[in-house]
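As provided, final08.txt (compact mmCIF, C-alpha atoms) reads as follows.
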```txt
# COMPACT_ATOMS: atom_id res chain seq x y z
CA GLU A 245 83.82 127.69 74.65
CA VAL A 246 86.97 127.35 76.78
CA GLU A 247 88.85 125.83 73.86
CA SER A 248 87.88 128.77 71.64
CA ARG A 249 88.90 131.33 74.25
CA PHE A 250 92.19 129.52 74.82
CA ARG A 251 93.07 129.53 71.13
CA GLY A 252 91.83 133.07 70.63
CA SER A 253 94.00 134.37 73.47
CA GLY A 254 97.14 132.94 71.92
CA TYR A 255 97.06 130.00 74.34
CA GLN A 256 97.11 132.03 77.54
CA LEU A 257 96.90 129.59 80.46
CA SER A 258 94.66 131.96 82.45
CA GLU A 259 91.85 131.18 80.01
CA LEU A 260 91.72 127.61 81.35
CA GLU A 261 90.58 128.57 84.85
CA PRO A 262 87.13 127.02 85.36
CA VAL A 263 84.14 129.32 85.72
CA TYR A 264 81.55 127.87 88.08
CA ARG A 265 77.96 128.88 88.57
CA HIS A 266 78.67 129.04 92.31
CA GLY A 267 81.76 130.49 93.96
CA GLN A 268 81.64 133.80 92.11
CA PRO A 269 83.02 137.00 93.73
CA GLY A 270 80.84 137.97 96.68
CA ASP A 271 79.29 134.52 97.13
CA LEU A 272 79.15 133.04 100.60
CA LEU A 273 81.23 129.90 101.13
CA ARG A 274 80.50 127.01 103.47
CA HIS A 275 82.95 126.07 106.22
CA ARG A 276 83.18 122.53 107.56
CA SER A 277 82.32 123.85 111.05
CA GLY A 278 78.78 124.49 109.86
CA GLY A 279 79.14 128.22 109.36
CA PHE A 280 79.72 130.46 106.36
CA ILE A 281 82.61 132.58 105.11
CA GLN A 282 82.33 135.92 103.30
CA PRO A 283 85.44 136.18 101.10
CA THR A 284 86.95 139.59 100.51
CA THR A 285 88.95 138.52 97.45
CA PRO A 286 87.38 137.20 94.23
CA ARG A 287 89.50 134.02 93.93
CA PHE A 288 89.40 132.98 97.57
CA HIS A 289 87.72 129.61 97.08
CA ARG A 290 89.74 128.71 94.01
CA THR A 291 92.98 129.71 95.77
CA VAL A 292 92.13 127.51 98.76
CA ILE A 293 91.49 124.49 96.50
CA GLU A 294 94.73 125.10 94.57
CA ASP A 295 96.67 125.33 97.85
CA VAL A 296 95.03 122.12 99.07
CA LEU A 297 96.03 120.36 95.82
CA VAL A 298 99.63 121.50 96.17
CA ALA A 299 99.77 120.40 99.82
CA LEU A 300 98.24 117.00 99.00
CA THR A 301 100.75 116.51 96.19
CA HIS A 302 103.61 117.28 98.54
CA GLN A 303 102.29 114.80 101.06
CA TYR A 304 100.99 111.93 98.92
CA PHE A 305 102.32 112.11 95.36
CA SER A 306 105.97 112.95 96.03
CA SER A 307 107.17 109.46 95.08
CA CYS A 308 104.88 109.07 92.05
CA PRO A 309 106.67 109.73 88.74
CA ARG A 310 103.31 110.15 87.00
CA VAL A 311 99.97 111.42 88.27
CA HIS A 312 96.79 110.88 86.24
CA GLU A 313 93.87 113.25 86.65
CA PHE A 314 90.69 111.57 85.48
CA GLY A 315 87.98 114.04 84.52
CA CYS A 316 90.54 116.82 84.03
CA GLY A 317 88.17 119.23 82.26
CA THR A 318 90.04 122.30 81.05
CA GLY A 319 93.33 121.04 82.48
CA TRP A 320 93.59 123.87 85.01
CA ASN A 321 94.55 121.61 87.92
CA LEU A 322 97.22 119.96 85.79
CA VAL A 323 98.68 123.35 84.87
CA ILE A 324 98.85 124.44 88.52
CA LEU A 325 100.48 121.18 89.61
CA ALA A 326 102.85 120.91 86.64
CA GLN A 327 104.11 124.42 87.38
CA GLN A 328 104.72 123.51 91.02
CA PHE A 329 106.09 120.00 90.41
CA PRO A 330 107.96 120.00 87.08
CA ASN A 331 109.85 116.80 87.84
CA GLN A 332 106.70 114.71 87.65
CA THR A 333 104.58 113.99 84.58
CA TRP A 334 100.93 115.00 84.71
CA TRP A 335 98.46 113.05 82.60
CA GLY A 336 94.99 114.36 81.86
CA SER A 337 91.98 112.41 80.62
CA ASP A 338 88.30 113.21 80.27
CA TRP A 339 85.14 111.89 78.63
CA THR A 340 85.27 114.59 75.96
CA PRO A 341 87.96 114.91 73.27
CA VAL A 342 87.86 118.70 73.81
CA SER A 343 89.98 118.24 76.94
CA GLY A 344 92.62 116.40 74.93
CA ARG A 345 92.76 119.17 72.34
CA ILE A 346 93.14 121.79 75.07
CA LEU A 347 95.99 119.84 76.66
CA ASP A 348 97.62 119.43 73.25
CA GLY A 349 97.57 123.22 73.00
CA VAL A 350 99.11 123.56 76.45
CA VAL A 351 101.92 121.16 75.57
CA ALA A 352 102.57 122.82 72.21
CA HIS A 353 102.87 126.35 73.62
CA HIS A 354 104.17 125.91 77.16
CA ALA A 355 107.09 123.98 78.61
CA LEU A 356 105.06 121.95 81.09
CA PRO A 357 105.33 118.20 81.80
CA ILE A 358 101.74 117.45 80.81
CA VAL A 359 100.59 114.49 78.71
CA SER A 360 97.23 114.48 76.98
CA GLY A 361 95.69 111.12 77.82
CA ARG A 362 93.03 109.34 75.87
CA VAL A 363 89.29 109.84 76.16
CA VAL A 364 88.15 107.99 79.29
CA GLN A 365 84.58 107.37 80.35
CA MET A 366 84.69 107.08 84.14
CA CYS A 367 81.62 104.85 84.03
CA LEU A 368 83.41 102.58 81.53
CA PRO A 369 87.21 103.00 81.92
CA ASP A 370 89.54 101.80 79.18
CA PRO A 371 91.32 98.66 80.48
CA ALA A 372 94.26 99.50 78.21
CA TYR A 373 94.81 102.89 79.84
CA PRO A 374 98.53 103.16 80.88
CA LEU A 375 98.18 103.39 84.66
CA SER A 376 100.99 101.63 86.52
CA ARG A 377 101.58 100.56 90.13
CA GLU A 378 103.93 103.46 90.84
CA ASP A 379 101.53 106.13 89.55
CA GLY A 380 99.09 108.40 91.34
CA VAL A 381 95.37 108.89 90.65
CA LEU A 382 93.67 112.27 91.07
CA THR A 383 90.05 113.37 90.68
CA VAL A 384 88.68 116.83 91.40
CA THR A 385 84.87 117.17 91.24
CA ALA A 386 84.85 114.50 88.54
CA LEU A 387 83.47 111.50 90.40
CA GLU A 388 80.60 113.74 91.54
CA GLN A 389 79.16 113.45 88.04
CA VAL A 390 78.86 109.66 88.09
CA GLY A 391 76.41 109.63 91.00
CA SER A 392 76.10 106.04 92.17
CA ASN A 393 77.75 104.58 89.05
CA TRP A 394 81.30 104.71 90.45
CA ARG A 395 81.88 100.94 90.65
CA PRO A 396 83.51 100.53 87.19
CA PHE A 397 86.05 103.24 88.01
CA LEU A 398 86.82 101.79 91.44
CA ASP A 399 87.23 98.30 89.98
CA PHE A 400 89.56 99.72 87.32
CA VAL A 401 91.72 101.42 89.98
CA LEU A 402 91.82 98.31 92.15
CA ALA A 403 92.87 96.19 89.18
CA ARG A 404 95.71 98.57 88.27
CA HIS A 405 96.84 99.02 91.89
CA PRO A 406 98.34 102.55 91.70
CA ALA A 407 100.53 103.81 94.52
CA MET A 408 98.13 106.52 95.71
CA CYS A 409 94.64 107.90 95.06
CA VAL A 410 93.58 111.44 95.97
CA HIS A 411 90.03 112.70 95.48
CA LEU A 412 88.51 116.13 96.06
CA GLU A 413 84.82 115.37 95.70
CA PRO A 414 81.44 115.99 97.33
CA VAL A 415 81.10 113.24 99.95
CA TYR A 416 77.50 112.74 101.03
CA GLU A 417 78.39 110.51 103.94
CA ARG A 418 80.47 113.19 105.69
CA TYR A 419 77.53 115.55 106.20
CA VAL A 420 75.95 115.70 109.67
CA PRO A 421 72.18 115.25 109.10
CA ASN A 422 71.08 116.94 112.34
CA ARG A 423 72.99 120.11 111.42
CA LEU A 424 70.71 122.34 109.35
CA VAL A 425 73.29 123.57 106.82
CA ASP A 426 74.45 119.97 106.27
CA TYR A 427 70.90 118.69 105.94
CA LEU A 428 70.21 121.30 103.27
CA ALA A 429 73.44 120.33 101.50
CA MET A 430 72.30 116.69 101.53
CA ARG A 431 69.00 117.70 99.94
CA TYR A 432 70.88 119.66 97.27
CA HIS A 433 73.27 116.72 96.75
CA ASP A 434 70.30 114.37 96.27
CA HIS A 435 68.64 116.79 93.86
CA ARG A 436 71.78 117.06 91.73
CA GLY A 437 72.44 113.32 91.76
CA TYR A 438 76.04 113.72 92.95
CA LEU A 439 78.44 111.02 94.13
CA LYS A 440 77.07 108.67 96.75
CA GLY A 441 78.36 105.40 98.23
CA TYR A 442 82.01 105.71 97.18
CA LEU A 443 83.47 106.40 100.62
CA PRO A 444 81.49 103.57 102.28
CA ALA A 445 82.82 101.24 99.56
CA LEU A 446 86.39 102.28 100.41
CA GLU A 447 85.66 101.68 104.09
CA ASP A 448 84.39 98.19 103.22
CA LEU A 449 87.58 97.54 101.24
CA GLU A 450 89.65 98.68 104.21
CA ARG A 451 87.82 96.22 106.49
CA GLN A 452 88.59 93.50 103.94
CA GLY A 453 92.28 94.44 103.92
CA ARG A 454 92.15 95.56 100.28
CA ALA A 455 92.61 99.30 100.84
CA THR A 456 94.07 101.75 103.34
CA ILE A 457 92.32 105.09 103.88
CA LEU A 458 94.85 107.75 104.80
CA GLN A 459 92.74 110.89 105.04
CA VAL A 460 89.14 112.10 104.89
CA THR A 461 88.81 115.84 105.50
CA ARG A 462 86.08 118.36 104.78
CA THR A 463 87.37 121.67 103.42
CA VAL A 464 85.32 124.64 102.22
CA GLY A 465 82.36 124.55 99.90
CA TYR A 466 79.97 126.64 97.91
CA ARG A 467 76.82 128.15 99.33
CA TYR A 468 74.75 125.01 98.65
CA HIS A 469 77.13 122.11 99.20
CA GLU A 470 80.74 121.05 99.75
CA GLY A 471 82.35 119.90 96.55
CA HIS A 472 85.93 119.33 97.69
CA THR A 473 86.08 116.90 100.60
CA VAL A 474 89.52 115.27 100.59
CA VAL A 475 89.65 111.46 100.40
CA VAL A 476 93.08 109.80 100.19
CA TRP A 477 93.56 106.05 99.95
CA ARG A 478 95.70 103.37 98.38
CA PRO A 479 95.08 99.76 97.34
CA THR A 480 96.79 97.17 99.55
```

Write the structure described by the file as structure tokens, please.
Amino acid sequence: EVESRFRGSGYQLSELEPVYRHGQPGDLLRHRSGGFIQPTTPRFHRTVIEDVLVALTHQYFSSCPRVHEFGCGTGWNLVILAQQFPNQTWWGSDWTPVSGRILDGVVAHHALPIVSGRVVQMCLPDPAYPLSREDGVLTVTALEQVGSNWRPFLDFVLARHPAMCVHLEPVYERYVPNRLVDYLAMRYHDHRGYLKGYLPALEDLERQGRATILQVTRTVGYRYHEGHTVVVWRPT
């Protein structure tokens, strides 16, 4: 559907912006304090996440010549970051070849430093994927879809030893169970089968001296859960 709209619009980049079931104009948003926010502008949540991505790139990816977004979807995040940081190369990969075709269209019609990567199953990463030690790794609500089957991806990253890893994902372990809104988010998270166990695994690696966790920060979320908790780490 997105691919068809993109082509039909003459490859207008605005057609790549994701449309979520939650986070529509007028929807309440969750705040990490346990309260809710009523946005007065239709793109408030999306703008916050884009600003967070730009700030994280400034802070953590500045020395990475290439950044690889795994689970890039429509390529929207890559477009935002490539526009802001044209001196780096932005690679996009996903489980579906549709994402690659969309990125091919972006590259063909826009002067952006984006590379269409190969099809990558996050539950079974390609060991030949060109990820080097000086590169960065990015995921944005992509690991959420693997549930508890994140180990192959983590092992792949550890084996390739990139310079920096930044995730914006739902992190079950950062909810506060005795806070009602967090408890309800945990129930929703369980029901949807989202990411679980990844942050504790990173904490175990840090205790073993195999990883350094640089940041874990809750941001804003949708009415039912928080999908963009920031986790930044690097292999050591």

(request) Dump as a list in words all residues having an atom at most 8 Å from (82.8, 114.6, 102.2), computed in the file's coordinates with only C-alpha atoms. (result) Glu413, Pro414, Val415, Tyr416, Glu417, Arg418, Tyr419, Val460, Thr461, Arg462, Glu470, Gly471, His472, Thr473, Val474 and Val475 of chain A

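You will find CA of Leu257 in chain A at 28.3 Å from CA of Pro369 in chain A.
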
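Note that CA of Glu245 in chain A and CA of Val342 in chain A are 9.9 Å apart.
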
(request) Have a look at A:Ser307, A:Val323, A:Gly278, A:Arg451 and name the one nearest to Leu424 in chain A; count only C-alpha atoms. (result) A:Gly278

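Minimum distance to Gly344 in chain A across A:Cys316, A:Ile281, A:Ala372, A:Leu325 (counting all atoms listed in the file) occurs at A:Cys316.
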
(request) Do a neighbour search on range 430-442 of chain A at 6 Å with all atoms listed in the file, toss out local chain neighbours closer than 6 positions, and write the hits as an MDAnalysis selection string. (result) chainID A and resid 388:389 391:392 416

Mind running range 327-434 of chain A against range 293-296 of chain A at 12 Å and telling me each contacting residue's nearest atom pair with the distance in Å (one decimal), counting all atoms listed in the file, chain and number ascending, as a tab-separated table?
```
residue	atom	partner	partner_atom	distance
A:Gln327	CA	A:Glu294	CA	11.8
A:Gln328	CA	A:Asp295	CA	10.7
A:Val384	CA	A:Ile293	CA	9.6
A:Thr385	CA	A:Ile293	CA	11.2
A:Val410	CA	A:Val296	CA	11.2
A:His411	CA	A:Val296	CA	11.3
A:Leu412	CA	A:Ile293	CA	8.9
A:Glu413	CA	A:Ile293	CA	11.3
```

(request) Excluding Pro309 in chain A and any residue of its chain fewer than 5 positions from it, enumerate the residues within 7 Å of it, using only C-alpha atoms, and give them as number ranges by chain. (result) A: 332-333, 379

(message) Taking (84.2, 106.1, 84.1) as a centre in this file's frame and 9 Å as the limit, can you find every polymer residue with an atom that close, using only C-alpha atoms, and give them as a ChimeraX atom specification?
(response) /A:314-315,339,364-370,387,390,393-398,400

Incomplete range 386-410 of chain A filled out to N, CA, C and O atoms as a tab-separated table (two decimals), keeping the file's coordinate frame:
```
chain	number	residue	atom	x	y	z
A	386	ALA	N	85.11	115.30	89.74
A	386	ALA	CA	84.85	114.50	88.54
A	386	ALA	C	83.98	113.30	88.88
A	386	ALA	O	83.02	112.99	88.17
A	387	LEU	N	84.30	112.61	89.96
A	387	LEU	CA	83.47	111.50	90.40
A	387	LEU	C	82.07	111.97	90.77
A	387	LEU	O	81.11	111.19	90.72
A	388	GLU	N	81.92	113.23	91.17
A	388	GLU	CA	80.60	113.74	91.54
A	388	GLU	C	79.59	113.51	90.42
A	388	GLU	O	78.40	113.29	90.67
A	389	GLN	N	80.06	113.54	89.18
A	389	GLN	CA	79.16	113.45	88.04
A	389	GLN	C	78.66	112.04	87.77
A	389	GLN	O	77.71	111.85	87.02
A	390	VAL	N	79.29	111.03	88.37
A	390	VAL	CA	78.86	109.66	88.09
A	390	VAL	C	77.78	109.19	89.06
A	390	VAL	O	77.24	108.09	88.89
A	391	GLY	N	77.48	109.99	90.07
A	391	GLY	CA	76.41	109.63	91.00
A	391	GLY	C	76.72	108.34	91.74
A	391	GLY	O	77.70	108.25	92.47
A	392	SER	N	75.89	107.34	91.53
A	392	SER	CA	76.10	106.04	92.17
A	392	SER	C	76.78	105.04	91.23
A	392	SER	O	76.97	103.87	91.61
A	393	ASN	N	77.16	105.48	90.04
A	393	ASN	CA	77.75	104.58	89.05
A	393	ASN	C	79.27	104.67	89.08
A	393	ASN	O	79.92	104.80	88.04
A	394	TRP	N	79.85	104.59	90.28
A	394	TRP	CA	81.30	104.71	90.45
A	394	TRP	C	82.00	103.36	90.43
A	394	TRP	O	83.22	103.29	90.39
A	395	ARG	N	81.27	102.26	90.51
A	395	ARG	CA	81.88	100.94	90.65
A	395	ARG	C	82.85	100.59	89.52
A	395	ARG	O	83.95	100.07	89.79
A	396	PRO	N	82.54	100.86	88.24
A	396	PRO	CA	83.51	100.53	87.19
A	396	PRO	C	84.85	101.25	87.38
A	396	PRO	O	85.91	100.66	87.15
A	397	PHE	N	84.81	102.51	87.80
A	397	PHE	CA	86.05	103.24	88.01
A	397	PHE	C	86.83	102.66	89.19
A	397	PHE	O	88.05	102.47	89.11
A	398	LEU	N	86.14	102.36	90.28
A	398	LEU	CA	86.82	101.79	91.44
A	398	LEU	C	87.43	100.43	91.11
A	398	LEU	O	88.58	100.14	91.49
A	399	ASP	N	86.70	99.60	90.38
A	399	ASP	CA	87.23	98.30	89.98
A	399	ASP	C	88.46	98.45	89.09
A	399	ASP	O	89.44	97.69	89.21
A	400	PHE	N	88.42	99.43	88.19
A	400	PHE	CA	89.56	99.72	87.32
A	400	PHE	C	90.78	100.10	88.15
A	400	PHE	O	91.90	99.59	87.93
A	401	VAL	N	90.60	100.98	89.13
A	401	VAL	CA	91.72	101.42	89.98
A	401	VAL	C	92.26	100.24	90.79
A	401	VAL	O	93.48	100.04	90.89
A	402	LEU	N	91.37	99.46	91.36
A	402	LEU	CA	91.82	98.31	92.15
A	402	LEU	C	92.62	97.32	91.30
A	402	LEU	O	93.62	96.76	91.75
A	403	ALA	N	92.18	97.13	90.07
A	403	ALA	CA	92.87	96.19	89.18
A	403	ALA	C	94.26	96.69	88.80
A	403	ALA	O	95.19	95.89	88.64
A	404	ARG	N	94.42	98.01	88.68
A	404	ARG	CA	95.71	98.57	88.27
A	404	ARG	C	96.63	98.84	89.45
A	404	ARG	O	97.82	99.01	89.27
A	405	HIS	N	96.06	98.93	90.65
A	405	HIS	CA	96.84	99.02	91.89
A	405	HIS	C	97.85	100.17	91.87
A	405	HIS	O	99.07	99.96	92.07
A	406	PRO	N	97.40	101.43	91.66
A	406	PRO	CA	98.34	102.55	91.70
A	406	PRO	C	98.85	102.78	93.12
A	406	PRO	O	98.30	102.26	94.10
A	407	ALA	N	99.90	103.58	93.22
A	407	ALA	CA	100.53	103.81	94.52
A	407	ALA	C	99.66	104.65	95.45
A	407	ALA	O	99.69	104.48	96.67
A	408	MET	N	98.88	105.60	94.88
A	408	MET	CA	98.13	106.52	95.71
A	408	MET	C	96.94	107.08	94.95
A	408	MET	O	97.03	107.30	93.72
A	409	CYS	N	95.84	107.30	95.66
A	409	CYS	CA	94.64	107.90	95.06
A	409	CYS	C	94.20	109.08	95.92
A	409	CYS	O	94.04	108.94	97.14
A	410	VAL	N	94.02	110.22	95.29
A	410	VAL	CA	93.58	111.44	95.97
A	410	VAL	C	92.33	111.96	95.26
A	410	VAL	O	92.35	112.17	94.04
```
